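Colleague: Handing you this structure, nothing more for now.
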Amino acid sequence: MSRGGELRVSDHALLRFLDRAAGLDVEALRTRIEASLARAHHAASSISDSDYLITADGLVFVVRRNDDGPVVSTVLPKIKGVTRAKALDRGTGK
């Protein structure tokens with residue numbers, strides 16, 4: 001069986017490249033995103049303990065609750081006609 005095929009770059013490798021070779025301060029970017037979403041997070045948390053979406057800057061941030069607290073699990077483009085249920089389902093990686 002051949003082990004050839006097209007080479008892929010993993011998300012982790014891409015992130016490390018941006019951090020180490022391109023000089024992107026990943027942690028500073030994370031801090032800016034967290035600060036930007038804080039107000040919406042606090043509003044959503046006061047309403048419910050379930051998973052939720054934050055729509056900002058033309059993007060949909062999927063927030064999942066886990067044992068360590070809420071975490072942005074993925075970021076999707078804002079697509080007209082995508083319902084909350086579809087976005088939350090897509091955020092699972094299905």
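For the structure tokens, the naming scheme is as follows: chains receive sequential letters (A, B, ...) according to their order of presentation, residues are indexed from 1 within each chain, and ligands are indexed from 1 in presentation order.
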Residues near segment 55-58 of chain A, anyone? I mean within 10 Å using only C-alpha atoms, not counting same-chain ones fewer than 4 positions away, as a list in words.
Modeller: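 The residues satisfying every condition are Ser36, Leu37, Ala40, Val62, Val75, Leu76, Pro77, Lys78 and Ile79 of chain A.
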Colleague: Could you save the residues just selected, with C-alpha atoms, as a CSV table (one decimal), in the first residue's frame?
Modeller:
chain,number,residue,atom,x,y,z
A,36,SER,CA,-13.9,41.6,22.2
A,37,LEU,CA,-16.3,38.8,23.0
A,40,ALA,CA,-21.6,39.2,24.6
A,62,VAL,CA,-19.5,29.0,18.5
A,75,VAL,CA,-15.4,30.4,14.2
A,76,LEU,CA,-17.7,30.2,11.1
A,77,PRO,CA,-18.4,32.7,8.4
A,78,LYS,CA,-21.8,34.4,8.8
A,79,ILE,CA,-23.9,32.7,6.2
Colleague: Got a sec to tell me which of chain A DSSP assigns to strand (DSSP E or B), as a ChimeraX atom specification?
Modeller: /A:52-56,59-66,69-77
Colleague: Report the distance between atom CA of Leu24 of chain A and atom CA of His12 of chain A in Å, rounded to one decimal place.
Modeller: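 About the pair atom CA of Leu24 of chain A and atom CA of His12 of chain A: they are 14.2 Å apart.
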Colleague: Which residue, A:Leu18, A:Ala13, A:Ala38, A:Val26, has the smallest gap to Val63 of chain A when you use only C-alpha atoms?
Modeller: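 Among the listed residues, the smallest separation from Val63 of chain A belongs to A:Ala38.
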Colleague: As an exercise, work out the distance from atom CA of Tyr52 of chain A to atom CA of Glu27 of chain A in Å and give it to one decimal place.
Modeller: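 So the two atoms, atom CA of Tyr52 of chain A and atom CA of Glu27 of chain A, lie 23.6 Å apart.
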Colleague: Measure the distance from atom CA of Arg16 of chain A to atom CA of Thr31 of chain A in Å and round it to one decimal.
Modeller: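 Pair atom CA of Arg16 of chain A / atom CA of Thr31 of chain A returns 17.2 Å.
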